Amino acid sequence: MSKAFAATQPAAGGSMPFTLPELPYAQNALEPHISANTLSFHHGKHHQAYVTNLNNLVKDTPLASASLEQVIMESAKDPAKAGIFNNAAQIWNHTFYWHSMKPNGGGAPKDDIAKRIDPDFGGYDQFKEAFKQAGATQFGSGWAWLVLDGGKLKVTKTPNADLPMAHGQKALLTMDVWEHAYYLDYQNKRPDYIATFLDKLVNWEFAERNLQG
Ligand code: MN3
């Protein structure tokens, strides 16, 4: 995993091994695009609930002393551990999502990502269209991603808690398209939220660090 962001780490010998990471910016820092109210619920309630659930599910099991990534990869292989997978992956996904945005973000990337977008997508506009499509057509809850897969940039979508590392891909960016990510600010207009994510919020420096990391 990239060191570009701090995922939850197990504490040494504590009874609650996983903790909620801080947001990388103030709760109101993404306004007017994503409100403090949304982040208050999304980070403080939803993200926190995945942490609480995972701690309860792995309590007194060998997974309680594993890293978050180890818990995800172990539980991804075992249908009996679907509850553990869902909560662990959602902890990881949300931490990655907070870092995928920043105040005054958005627009076209620079650096290596920009150089790869032309050959891999045919241009920034084509990338944008693919990312919008992935987010808009993910039926129900899930995530849109920019990933590195076999040395090429790709746009993908995953349902529910599923994530690139379970498919041998390296995540570079993500966008939460669960309704709780946008409903307070955009109601049912998911395409407006997606367009705003790309034009005003996306953190290309984070994607670049993941690409290099
Ligand atoms: Mn969410």
# chains A, B, ... in the order shown; residues from 1 in each chain; ligands from 1
$ residues_near_ligand --ligand "ligand 1" --cutoff "12 Å" --atoms "only C-alpha atoms and all ligand atoms" --output "PyMOL selection string"
chain A and resi 38-50+87+89-98+141-144+159-161+174-183
$ select_by_dssp --residues "range 121-203 of chain A" --states "alpha helix (DSSP H)" --output "PyMOL selection string"
chain A and resi 121+124-137+183-186+190-196
$ residues_around --residues "Gln126 in chain A" --least-positions-apart "6" --cutoff "12 Å" --atoms "only C-alpha atoms" --output "PDB file with all heavy atoms, in the first residue's frame"
ATOM      1  N   ALA A 108      -7.613  19.488 -14.544  1.00  0.00           N
ATOM      2  CA  ALA A 108      -6.763  18.480 -15.181  1.00  0.00           C
ATOM      3  C   ALA A 108      -5.496  18.252 -14.363  1.00  0.00           C
ATOM      4  O   ALA A 108      -5.006  19.167 -13.705  1.00  0.00           O
ATOM      5  CB  ALA A 108      -6.397  18.933 -16.593  1.00  0.00           C
ATOM      6  N   ILE A 117      -2.381   9.909 -19.154  1.00  0.00           N
ATOM      7  CA  ILE A 117      -3.804   9.977 -19.501  1.00  0.00           C
ATOM      8  C   ILE A 117      -4.006  10.000 -21.014  1.00  0.00           C
ATOM      9  O   ILE A 117      -4.929   9.367 -21.530  1.00  0.00           O
ATOM     10  CB  ILE A 117      -4.473  11.179 -18.781  1.00  0.00           C
ATOM     11  CG1 ILE A 117      -4.833  10.724 -17.349  1.00  0.00           C
ATOM     12  CG2 ILE A 117      -5.688  11.685 -19.530  1.00  0.00           C
ATOM     13  CD1 ILE A 117      -5.586  11.715 -16.525  1.00  0.00           C
ATOM     14  N   ASP A 118      -3.119  10.667 -21.738  1.00  0.00           N
ATOM     15  CA  ASP A 118      -3.278  10.706 -23.201  1.00  0.00           C
ATOM     16  C   ASP A 118      -3.196   9.314 -23.826  1.00  0.00           C
ATOM     17  O   ASP A 118      -4.133   8.890 -24.506  1.00  0.00           O
ATOM     18  CB  ASP A 118      -2.263  11.662 -23.820  1.00  0.00           C
ATOM     19  CG  ASP A 118      -2.702  13.122 -23.660  1.00  0.00           C
ATOM     20  OD1 ASP A 118      -3.879  13.336 -23.287  1.00  0.00           O
ATOM     21  OD2 ASP A 118      -1.887  14.025 -23.900  1.00  0.00           O
ATOM     22  N   PRO A 119      -2.089   8.570 -23.603  1.00  0.00           N
ATOM     23  CA  PRO A 119      -2.042   7.240 -24.218  1.00  0.00           C
ATOM     24  C   PRO A 119      -3.079   6.259 -23.660  1.00  0.00           C
ATOM     25  O   PRO A 119      -3.584   5.413 -24.403  1.00  0.00           O
ATOM     26  CB  PRO A 119      -0.621   6.744 -23.928  1.00  0.00           C
ATOM     27  CG  PRO A 119      -0.116   7.593 -22.815  1.00  0.00           C
ATOM     28  CD  PRO A 119      -0.823   8.912 -22.946  1.00  0.00           C
ATOM     29  N   ASP A 120      -3.410   6.366 -22.381  1.00  0.00           N
ATOM     30  CA  ASP A 120      -4.270   5.345 -21.766  1.00  0.00           C
ATOM     31  C   ASP A 120      -5.760   5.618 -21.945  1.00  0.00           C
ATOM     32  O   ASP A 120      -6.575   4.691 -21.898  1.00  0.00           O
ATOM     33  CB  ASP A 120      -3.935   5.180 -20.280  1.00  0.00           C
ATOM     34  CG  ASP A 120      -2.556   4.561 -20.070  1.00  0.00           C
ATOM     35  OD1 ASP A 120      -1.936   4.134 -21.078  1.00  0.00           O
ATOM     36  OD2 ASP A 120      -2.085   4.516 -18.913  1.00  0.00           O
ATOM     37  N   LYS A 132     -16.952   9.798 -15.100  1.00  0.00           N
ATOM     38  CA  LYS A 132     -18.356  10.167 -14.884  1.00  0.00           C
ATOM     39  C   LYS A 132     -19.283   8.976 -15.131  1.00  0.00           C
ATOM     40  O   LYS A 132     -20.209   8.731 -14.363  1.00  0.00           O
ATOM     41  CB  LYS A 132     -18.760  11.308 -15.827  1.00  0.00           C
ATOM     42  CG  LYS A 132     -18.259  12.671 -15.402  1.00  0.00           C
ATOM     43  CD  LYS A 132     -18.741  13.732 -16.387  1.00  0.00           C
ATOM     44  CE  LYS A 132     -18.328  15.113 -15.928  1.00  0.00           C
ATOM     45  NZ  LYS A 132     -18.703  16.164 -16.904  1.00  0.00           N
ATOM     46  N   GLN A 133     -19.011   8.268 -16.209  1.00  0.00           N
ATOM     47  CA  GLN A 133     -19.821   7.091 -16.546  1.00  0.00           C
ATOM     48  C   GLN A 133     -19.739   6.039 -15.442  1.00  0.00           C
ATOM     49  O   GLN A 133     -20.745   5.447 -15.058  1.00  0.00           O
ATOM     50  CB  GLN A 133     -19.326   6.466 -17.862  1.00  0.00           C
ATOM     51  CG  GLN A 133     -19.881   7.132 -19.099  1.00  0.00           C
ATOM     52  CD  GLN A 133     -21.381   6.900 -19.242  1.00  0.00           C
ATOM     53  OE1 GLN A 133     -21.867   5.801 -19.013  1.00  0.00           O
ATOM     54  NE2 GLN A 133     -22.110   7.952 -19.587  1.00  0.00           N
ATOM     55  N   LYS A 154      -6.553   2.873 -15.550  1.00  0.00           N
ATOM     56  CA  LYS A 154      -7.902   2.438 -15.924  1.00  0.00           C
ATOM     57  C   LYS A 154      -8.904   3.077 -14.981  1.00  0.00           C
ATOM     58  O   LYS A 154      -8.593   3.319 -13.814  1.00  0.00           O
ATOM     59  CB  LYS A 154      -8.049   0.914 -15.777  1.00  0.00           C
ATOM     60  CG  LYS A 154      -7.493   0.120 -16.929  1.00  0.00           C
ATOM     61  CD  LYS A 154      -7.826  -1.347 -16.780  1.00  0.00           C
ATOM     62  CE  LYS A 154      -6.980  -2.153 -17.751  1.00  0.00           C
ATOM     63  NZ  LYS A 154      -6.935  -3.562 -17.384  1.00  0.00           N
ATOM     64  N   VAL A 155     -10.107   3.320 -15.483  1.00  0.00           N
ATOM     65  CA  VAL A 155     -11.225   3.718 -14.638  1.00  0.00           C
ATOM     66  C   VAL A 155     -12.055   2.472 -14.372  1.00  0.00           C
ATOM     67  O   VAL A 155     -12.347   1.704 -15.299  1.00  0.00           O
ATOM     68  CB  VAL A 155     -12.074   4.811 -15.321  1.00  0.00           C
ATOM     69  CG1 VAL A 155     -13.420   4.951 -14.636  1.00  0.00           C
ATOM     70  CG2 VAL A 155     -11.329   6.141 -15.302  1.00  0.00           C
TER      71      VAL A 155
END
$ closest_residue --among "A:Asp78, A:Asp192, A:Glu208, A:Asp199" --to "Ala171 in chain A" --atoms "only C-alpha atoms"
A:Glu208
$ atom_distance --atom1 "CA of Arg209 in chain A" --atom2 "CA of Lys157 in chain A"
21.2 Å
$ select_by_dssp --residues "range 5-201 of chain A" --states "strand (DSSP E)" --output "number ranges by chain"
A: 142-149, 152-159, 170-176
$ residues_around --residues "Asp149 in chain A" --least-positions-apart "4" --cutoff "8 Å" --atoms "only C-alpha atoms" --output "count of residues only"
5
$ closest_residue --among "A:Leu146, A:Met101, A:Phe139, A:Asn56" --to "Phe121 in chain A" --atoms "only C-alpha atoms"
A:Leu146
$ closest_residue --among "A:Leu68, A:Met73, A:Leu201, A:Leu63" --to "His167 in chain A" --atoms "only C-alpha atoms"
A:Met73
$ closest_residue --among "A:Val71, A:Ala207, A:Met165, A:Leu184" --to "Gly83 in chain A" --atoms "only C-alpha atoms"
A:Val71
$ closest_residue --among "A:Lys189, A:His33, A:His99, A:Arg116" --to "Glu205 in chain A" --atoms "only C-alpha atoms"
A:His99
$ atom_distance --atom1 "CA of Gln212 in chain A" --atom2 "CA of Ile72 in chain A"
22.8 Å
$ closest_residue --among "A:Leu30, A:Phe131, A:Val147, A:Glu69" --to "Asp185 in chain A" --atoms "only C-alpha atoms"
A:Leu30
$ residues_around --residues "Gly107 in chain A" --least-positions-apart "6" --cutoff "12 Å" --atoms "only C-alpha atoms" --output "list in words"
Met101, Ala114, Tyr124, Asp125, Phe127, Lys128, Ala195, Thr196, Phe197, Leu198, Asp199, Lys200, Leu201, Val202, Asn203, Trp204 and Glu205 of chain A
$ atom_distance --atom1 "CA of Val51 in chain A" --atom2 "CA of Ser65 in chain A"
14.4 Å
